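Content type mmCIF, C-alpha atoms and all ligand atoms, from the file my_file33.cif:
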data_query
#
loop_
_atom_site.label_atom_id
_atom_site.label_comp_id
_atom_site.auth_asym_id
_atom_site.auth_seq_id
_atom_site.Cartn_x
_atom_site.Cartn_y
_atom_site.Cartn_z
CA MET A 1 16.81 -12.28 -6.72
CA THR A 2 18.60 -11.57 -3.44
CA SER A 3 21.08 -14.42 -3.93
CA LEU A 4 21.66 -13.30 -7.51
CA LEU A 5 22.48 -9.78 -6.31
CA ALA A 6 24.69 -11.08 -3.52
CA ALA A 7 26.53 -13.45 -5.83
CA SER A 8 27.41 -10.63 -8.19
CA GLY A 9 29.14 -8.74 -5.35
CA PRO A 10 28.33 -5.60 -3.39
CA SER A 11 28.83 -3.23 -6.30
CA LEU A 12 25.41 -4.06 -7.74
CA TYR A 13 23.78 -2.97 -4.48
CA TRP A 14 25.98 0.10 -4.56
CA TYR A 15 24.71 1.01 -8.03
CA LEU A 16 21.14 0.38 -6.87
CA THR A 17 21.62 2.52 -3.75
CA ARG A 18 22.93 5.42 -5.80
CA SER A 19 20.28 5.22 -8.51
CA THR A 20 17.34 4.77 -6.12
CA GLY A 21 18.65 7.68 -3.98
CA ALA A 22 18.86 9.94 -7.03
CA MET A 23 15.37 8.87 -8.14
CA ALA A 24 13.97 9.52 -4.65
CA LEU A 25 15.46 13.04 -4.67
CA LEU A 26 13.97 13.74 -8.10
CA LEU A 27 10.52 12.37 -7.17
CA LEU A 28 10.43 14.26 -3.83
CA THR A 29 11.27 17.43 -5.74
CA ILE A 30 8.41 16.82 -8.21
CA ALA A 31 6.10 16.00 -5.26
CA ILE A 32 6.91 19.36 -3.62
CA ALA A 33 6.35 21.26 -6.89
CA LEU A 34 3.00 19.47 -7.41
CA GLY A 35 2.05 20.10 -3.76
CA VAL A 36 2.57 23.83 -4.22
CA ILE A 37 0.61 23.80 -7.52
CA ASP A 38 -2.15 21.94 -5.67
CA VAL A 39 -2.30 24.28 -2.69
CA GLN A 40 -2.39 27.33 -4.99
CA ARG A 41 -5.46 25.79 -6.64
CA TRP A 42 -3.89 26.25 -10.06
CA SER A 43 -5.72 24.37 -12.76
CA THR A 44 -6.66 24.61 -16.41
CA PRO A 45 -9.31 22.69 -18.39
CA ARG A 46 -6.47 20.38 -19.54
CA TRP A 47 -5.03 20.10 -16.02
CA PRO A 48 -8.07 19.95 -13.72
CA ARG A 49 -7.41 20.05 -9.99
CA PHE A 50 -8.21 16.38 -9.42
CA LEU A 51 -5.42 15.48 -11.85
CA VAL A 52 -2.87 17.61 -9.96
CA ASP A 53 -4.18 16.08 -6.71
CA SER A 54 -3.76 12.52 -7.87
CA LEU A 55 -0.40 13.17 -9.55
CA HIS A 56 0.86 14.69 -6.29
CA ARG A 57 -0.34 11.66 -4.32
CA ASN A 58 1.04 9.06 -6.72
CA VAL A 59 4.42 10.75 -7.22
CA SER A 60 4.73 10.95 -3.40
CA LEU A 61 3.96 7.24 -3.03
CA LEU A 62 6.46 6.40 -5.79
CA ALA A 63 9.08 8.51 -3.99
CA MET A 64 8.40 6.49 -0.84
CA LEU A 65 8.90 3.26 -2.77
CA PHE A 66 12.28 4.48 -4.06
CA LEU A 67 13.24 5.62 -0.55
CA VAL A 68 12.50 2.15 0.83
CA LEU A 69 14.53 0.53 -2.00
CA HIS A 70 17.34 3.03 -1.34
CA ILE A 71 17.40 2.05 2.35
CA LEU A 72 17.20 -1.70 1.74
CA THR A 73 19.98 -1.73 -0.85
CA SER A 74 22.25 0.38 1.39
CA VAL A 75 21.71 -2.14 4.20
CA LEU A 76 22.27 -5.13 1.90
CA ASP A 77 25.46 -3.64 0.45
CA SER A 78 28.19 -5.26 2.54
CA PHE A 79 30.76 -2.52 1.82
CA ALA A 80 29.57 -0.14 4.54
CA PRO A 81 28.42 -1.31 7.98
CA ILE A 82 24.86 0.06 7.85
CA GLY A 83 22.14 -1.67 9.84
CA LEU A 84 18.39 -1.28 9.35
CA ALA A 85 18.13 0.54 12.71
CA ASP A 86 20.73 3.12 11.55
CA THR A 87 18.41 4.08 8.70
CA ILE A 88 15.42 4.75 10.97
CA ILE A 89 16.95 5.92 14.28
CA PRO A 90 19.07 9.01 13.59
CA PHE A 91 22.77 9.30 14.48
CA ILE A 92 23.39 5.82 15.93
CA GLY A 93 25.40 4.33 13.03
CA SER A 94 29.15 3.88 12.73
CA TYR A 95 29.39 4.86 9.05
CA ARG A 96 29.38 8.66 8.53
CA PRO A 97 26.97 8.85 11.52
CA PHE A 98 25.95 12.50 11.21
CA TRP A 99 25.29 12.40 7.46
CA LEU A 100 23.58 9.00 7.55
CA GLY A 101 21.57 10.28 10.54
CA LEU A 102 20.28 13.18 8.43
CA GLY A 103 18.96 10.60 5.97
CA ALA A 104 17.15 8.83 8.82
CA VAL A 105 15.63 12.14 9.99
CA ALA A 106 14.43 12.93 6.44
CA PHE A 107 12.98 9.43 6.04
CA ASP A 108 11.11 9.62 9.38
CA LEU A 109 9.65 13.02 8.48
CA ILE A 110 8.52 11.88 5.02
CA LEU A 111 7.07 8.68 6.49
CA ALA A 112 5.03 10.82 8.94
CA VAL A 113 3.82 13.00 6.04
CA ILE A 114 2.79 9.99 3.94
CA ILE A 115 1.02 8.15 6.79
CA THR A 116 -0.91 11.24 7.92
CA SER A 117 -1.85 12.00 4.31
CA LEU A 118 -3.25 8.50 3.82
CA LEU A 119 -5.26 8.98 7.06
CA ARG A 120 -6.18 12.58 6.27
CA GLN A 121 -9.95 12.08 6.54
CA ARG A 122 -9.51 10.90 10.12
CA MET A 123 -7.62 13.94 11.44
CA GLY A 124 -8.16 17.66 11.75
CA PHE A 125 -6.98 19.81 8.84
CA ALA A 126 -4.70 21.97 11.05
CA THR A 127 -2.83 18.92 12.42
CA TRP A 128 -2.53 17.37 8.96
CA ARG A 129 -1.20 20.59 7.47
CA ALA A 130 1.29 21.20 10.31
CA ILE A 131 2.73 17.73 9.68
CA HIS A 132 2.61 18.25 5.90
CA TRP A 133 4.71 21.38 6.23
CA LEU A 134 7.52 19.15 7.56
CA THR A 135 8.17 18.36 3.89
CA TYR A 136 9.79 21.78 3.56
CA ALA A 137 12.30 20.74 6.26
CA SER A 138 12.71 17.14 5.10
CA TRP A 139 13.84 18.07 1.58
CA PRO A 140 16.96 20.11 2.49
CA ILE A 141 17.83 17.54 5.18
CA ALA A 142 17.63 14.77 2.54
CA LEU A 143 19.79 16.79 0.14
CA LEU A 144 22.47 17.34 2.81
CA HIS A 145 22.37 13.60 3.57
CA GLY A 146 23.01 12.86 -0.11
CA PHE A 147 25.92 15.29 -0.29
CA GLY A 148 27.43 14.07 2.98
CA THR A 149 27.03 10.32 2.54
CA GLY A 150 27.18 9.86 -1.20
CA SER A 151 30.24 8.70 -3.05
CA ASP A 152 29.12 10.43 -6.25
CA VAL A 153 29.14 14.00 -5.02
CA LYS A 154 31.82 15.03 -7.46
CA SER A 155 30.08 13.45 -10.46
CA THR A 156 28.75 16.01 -12.89
CA TRP A 157 25.41 14.19 -13.31
CA LEU A 158 24.64 14.21 -9.58
CA LEU A 159 25.75 17.80 -9.14
CA LEU A 160 23.54 18.88 -12.06
CA LEU A 161 20.61 16.88 -10.68
CA SER A 162 21.09 18.39 -7.22
CA ILE A 163 21.38 21.94 -8.59
CA GLY A 164 18.30 21.44 -10.81
CA CYS A 165 16.25 20.00 -7.92
CA THR A 166 17.38 22.79 -5.56
CA ALA A 167 16.31 25.40 -8.12
CA VAL A 168 12.86 23.77 -8.45
CA VAL A 169 12.33 23.57 -4.67
CA VAL A 170 13.58 27.13 -4.04
CA GLY A 171 11.27 28.28 -6.87
CA ALA A 172 8.34 26.38 -5.32
CA VAL A 173 9.01 27.87 -1.87
CA LEU A 174 9.26 31.40 -3.37
CA THR A 175 6.00 30.86 -5.24
CA ARG A 176 4.27 29.56 -2.11
CA VAL A 177 5.60 32.38 0.07
CA LEU A 178 5.07 35.28 -2.33
CA ALA A 179 1.53 34.35 -3.39
CA GLY A 180 -0.69 35.94 -0.79
CA TRP A 181 2.00 38.30 0.52
CA PRO A 182 1.80 40.16 2.94
CA ALA A 183 -0.57 37.96 4.96
CA ASN A 184 1.23 36.00 7.73
CA LEU A 185 4.24 38.20 7.17
CA ARG A 186 6.38 36.64 9.92
CA LEU A 187 5.89 33.08 8.71
CA ARG A 188 6.45 34.03 5.07
CA SER A 189 9.56 36.07 5.91
CA ALA A 190 10.95 33.15 7.91
CA ALA A 191 10.36 30.77 4.97
CA LEU A 192 11.97 33.22 2.57
CA GLY A 193 14.96 33.71 4.89
CA GLY A 194 15.28 29.94 5.35
CA ALA A 195 15.36 29.28 1.59
CA GLY A 196 17.94 32.05 1.07
CA ALA A 197 20.12 30.95 4.00
CA PHE A 198 20.08 27.33 2.83
CA SER A 199 21.11 28.26 -0.73
CA LEU A 200 23.93 30.46 0.62
CA PHE A 201 25.04 27.73 3.01
CA LEU A 202 25.30 25.24 0.11
CA LEU A 203 27.41 27.66 -1.92
CA LEU A 204 29.82 28.24 0.96
CA TRP A 205 29.94 24.70 2.35
CA LEU A 206 30.15 22.49 -0.75
CA PRO A 207 33.59 23.60 -2.08
CA ASN A 208 35.35 22.88 1.22
CA GLY A 209 32.99 20.12 2.32
CA PRO A 210 32.03 17.18 0.06
CA LEU A 211 33.69 18.77 -3.00
CA GLY A 212 36.90 19.44 -1.06
CA SER A 213 39.67 17.04 -0.16
CA GLU A 214 39.59 14.18 2.36
CA TRP A 215 35.79 14.24 2.63
CA ALA A 216 35.59 10.47 3.12
CA ARG A 217 37.74 10.74 6.27
CA ARG A 218 36.23 14.00 7.51
CA SER A 219 32.66 12.75 7.08
CA GLY A 220 33.23 9.86 9.50
CA THR A 221 34.01 6.86 7.31
CA PRO A 222 35.48 4.10 9.55
CA SER A 223 39.27 4.09 9.05
CA SER A 224 39.20 0.42 7.98
CA LEU A 225 37.21 1.49 4.90
CA LEU A 226 39.39 4.42 3.90
CA PRO A 227 41.65 3.92 0.91
CA HIS A 228 45.19 3.77 2.27
CA SER A 229 46.75 5.80 -0.49
CA HIS A 230 47.70 9.36 0.48
CA LEU A 231 46.45 10.37 -2.97
CA SER A 232 42.85 9.46 -2.19
CA THR A 233 40.71 12.48 -1.58
CA SER A 234 37.11 11.34 -1.52
CA GLY A 235 34.67 8.59 -2.11
CA GLY A 236 35.68 5.93 0.37
CA ARG A 237 35.02 3.36 -2.34
C1 LIG B 301 0.14 10.01 0.11
C2 LIG B 301 0.89 11.07 0.12
C3 LIG B 301 0.41 12.50 0.02
C4 LIG B 301 -0.85 13.02 -0.13
C5 LIG B 301 -2.18 12.28 -0.23
C6 LIG B 301 -0.73 14.47 -0.18
C7 LIG B 301 -1.77 15.37 -0.31
C8 LIG B 301 -1.65 16.74 -0.41
C9 LIG B 301 -2.73 17.67 -0.62
C10 LIG B 301 -4.19 17.28 -0.75
C11 LIG B 301 -2.21 18.91 -0.65
C12 LIG B 301 -3.00 20.24 -0.87
C13 LIG B 301 -3.45 20.75 0.48
C14 LIG B 301 -4.45 21.87 0.34
O1 LIG B 301 -5.24 21.84 -0.60
O2 LIG B 301 -4.44 22.77 1.18
C15 LIG B 301 -0.80 18.79 -0.47
C16 LIG B 301 0.10 19.85 -0.42
C17 LIG B 301 1.46 19.72 -0.37
N1 LIG B 301 2.18 18.55 -0.36
FE1 LIG B 301 1.39 16.68 -0.18
N2 LIG B 301 0.59 14.78 -0.06
C18 LIG B 301 1.32 13.62 0.07
C19 LIG B 301 2.69 13.50 0.23
C20 LIG B 301 3.60 14.54 0.10
C21 LIG B 301 5.05 14.41 0.12
C22 LIG B 301 5.83 13.10 0.33
C23 LIG B 301 5.55 15.65 -0.05
C24 LIG B 301 7.00 16.08 -0.12
C25 LIG B 301 7.91 15.55 -0.75
C26 LIG B 301 4.45 16.57 -0.17
C27 LIG B 301 4.58 17.93 -0.35
C28 LIG B 301 3.53 18.83 -0.36
C29 LIG B 301 3.69 20.28 -0.37
C30 LIG B 301 5.01 21.03 -0.37
C31 LIG B 301 2.41 20.82 -0.36
C32 LIG B 301 2.04 22.30 -0.26
C33 LIG B 301 1.82 22.52 1.25
C34 LIG B 301 1.62 23.97 1.65
O3 LIG B 301 2.53 24.77 1.41
O4 LIG B 301 0.58 24.28 2.26
N3 LIG B 301 3.29 15.87 -0.07
N4 LIG B 301 -0.48 17.46 -0.33
#

Written form, structure tokens:
Amino acid sequence: MTSLLAASGPSLYWYLTRSTGAMALLLLTIAIALGVIDVQRWSTPRWPRFLVDSLHRNVSLLAMLFLVLHILTSVLDSFAPIGLADTIIPFIGSYRPFWLGLGAVAFDLILAVIITSLLRQRMGFATWRAIHWLTYASWPIALLHGFGTGSDVKSTWLLLLSIGCTAVVVGAVLTRVLAGWPANLRLRSAALGGAGAFSLFLLLWLPNGPLGSEWARRSGTPSSLLPHSHLSTSGGR
């Protein structure tokens, strides 16, 4: 399989990297929505709690599988110089180091969440939950990584997917924060402020950032990989 992929050139890996990244984003979004449904103890006779529980677990594991495939295909793609270590240790790579580093941070956080969830019976609930709450940080970090590193940012399909997923996650955070208000007011206000600030940041940053001109150069693509035409504005491919 590997030699078949290699023989057909790097573009096949590139397609796989993009599609597995998009799938991982979608599945992580669904995992967060299901996690919030689970923690709110919402259930109906048709959707008993154990079903929500097991859906949340399995969607999370599937997301992890797509994340691993996303990482492996980006390393195997010979277009960009990305080593396996760059995908795990943040900010050490030579290809768009900051934005690739955000991907490594998100991956490490999600890995910690998955491992501690699989070992949940062996640890205290407070520790498990504190680590589980890292998911709320890992998701926006992963989204920024996608915007900053991806070569599809200007494609309508990816923009629509990103907007849809952002709406679902912001909705899930609002639901989680507002149910039970005003208990833990400080924590809930901070979460609310964080969700609002992140949405505002995206609106202000995207037009001049990844959707603006020269993003490939500004994001830290090695100059040897930049298209040499003065007309090129993005992508790096
Ligand atoms: C094997 C993997 C996982 C298992 C077994 C698991 C299990 C659980 C369980 C049992 C809850 C409900 C906790 C409660 O009843 O208080 C929960 C909540 C939650 N999970 Fe997971 N989870 C996993 C992975 C993930 C991943 C990868 C994400 C993020 C993408 C995620 C996001 C959430 C969220 C947002 C909540 C609500 C947390 C809160 O606000 O208190 N989970 N998870």

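Closest approach to ligand LIG 301 (chain B) from the set A:Ile30, A:Ala191, A:Val39, A:Leu134 is made by A:Val39, with distances taken over all atoms listed in the file.
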
Problem set entry | Environment of ligand LIG 301 (chain B) within 6 Å, counting all atoms listed in the file, reported as a list in words | Leu28, Ala31, Ile32, Gly35, Val36, Asp38, Val39, Arg57, Ser60, Leu61, Ile110, Val113, Ile114, Ser117, Leu118, Trp133 and Thr135 of chain A

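Going from CA of Trp99 in chain A over to CA of Val173 in chain A, you cover 24.3 Å.
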
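Counting from CA of Ser138 in chain A, the distance to CA of Asp108 in chain A is 8.8 Å.
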
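Reported to one decimal place, the separation of CA of Ser219 in chain A from CA of Ser74 in chain A is 17.1 Å.
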
For this session: Rank A:Pro222, A:Ala80, A:Thr29, A:Leu144 by their smallest atom-to-atom distance to Val168 in chain A, using all atoms listed in the file, and report the top residue only.
Result: A:Thr29

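Proximity of A:Leu200, A:Leu72, A:Leu143, A:Ala63 to Leu158 in chain A, computed with all atoms listed in the file, is greatest for A:Leu143.
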
Ref. answer, residues at most 12 Å from (14.3, 11.9, -11.0) with all atoms listed in the file, as a PDB file with C-alpha atoms, in the coordinates of the input:
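What follows is the written file selection-v6.pdb:
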ATOM      1  CA  ARG A  18      22.930   5.420  -5.800  1.00  0.00           C
ATOM      2  CA  SER A  19      20.280   5.220  -8.510  1.00  0.00           C
ATOM      3  CA  THR A  20      17.340   4.770  -6.120  1.00  0.00           C
ATOM      4  CA  GLY A  21      18.650   7.680  -3.980  1.00  0.00           C
ATOM      5  CA  ALA A  22      18.860   9.940  -7.030  1.00  0.00           C
ATOM      6  CA  MET A  23      15.370   8.870  -8.140  1.00  0.00           C
ATOM      7  CA  ALA A  24      13.970   9.520  -4.650  1.00  0.00           C
ATOM      8  CA  LEU A  25      15.460  13.040  -4.670  1.00  0.00           C
ATOM      9  CA  LEU A  26      13.970  13.740  -8.100  1.00  0.00           C
ATOM     10  CA  LEU A  27      10.520  12.370  -7.170  1.00  0.00           C
ATOM     11  CA  LEU A  28      10.430  14.260  -3.830  1.00  0.00           C
ATOM     12  CA  THR A  29      11.270  17.430  -5.740  1.00  0.00           C
ATOM     13  CA  ILE A  30       8.410  16.820  -8.210  1.00  0.00           C
ATOM     14  CA  ALA A  31       6.100  16.000  -5.260  1.00  0.00           C
ATOM     15  CA  VAL A  59       4.420  10.750  -7.220  1.00  0.00           C
ATOM     16  CA  LEU A  62       6.460   6.400  -5.790  1.00  0.00           C
ATOM     17  CA  ALA A  63       9.080   8.510  -3.990  1.00  0.00           C
ATOM     18  CA  PHE A  66      12.280   4.480  -4.060  1.00  0.00           C
ATOM     19  CA  TRP A 157      25.410  14.190 -13.310  1.00  0.00           C
ATOM     20  CA  LEU A 158      24.640  14.210  -9.580  1.00  0.00           C
ATOM     21  CA  LEU A 160      23.540  18.880 -12.060  1.00  0.00           C
ATOM     22  CA  LEU A 161      20.610  16.880 -10.680  1.00  0.00           C
ATOM     23  CA  SER A 162      21.090  18.390  -7.220  1.00  0.00           C
ATOM     24  CA  GLY A 164      18.300  21.440 -10.810  1.00  0.00           C
ATOM     25  CA  CYS A 165      16.250  20.000  -7.920  1.00  0.00           C
TER      26      CYS A 165
END
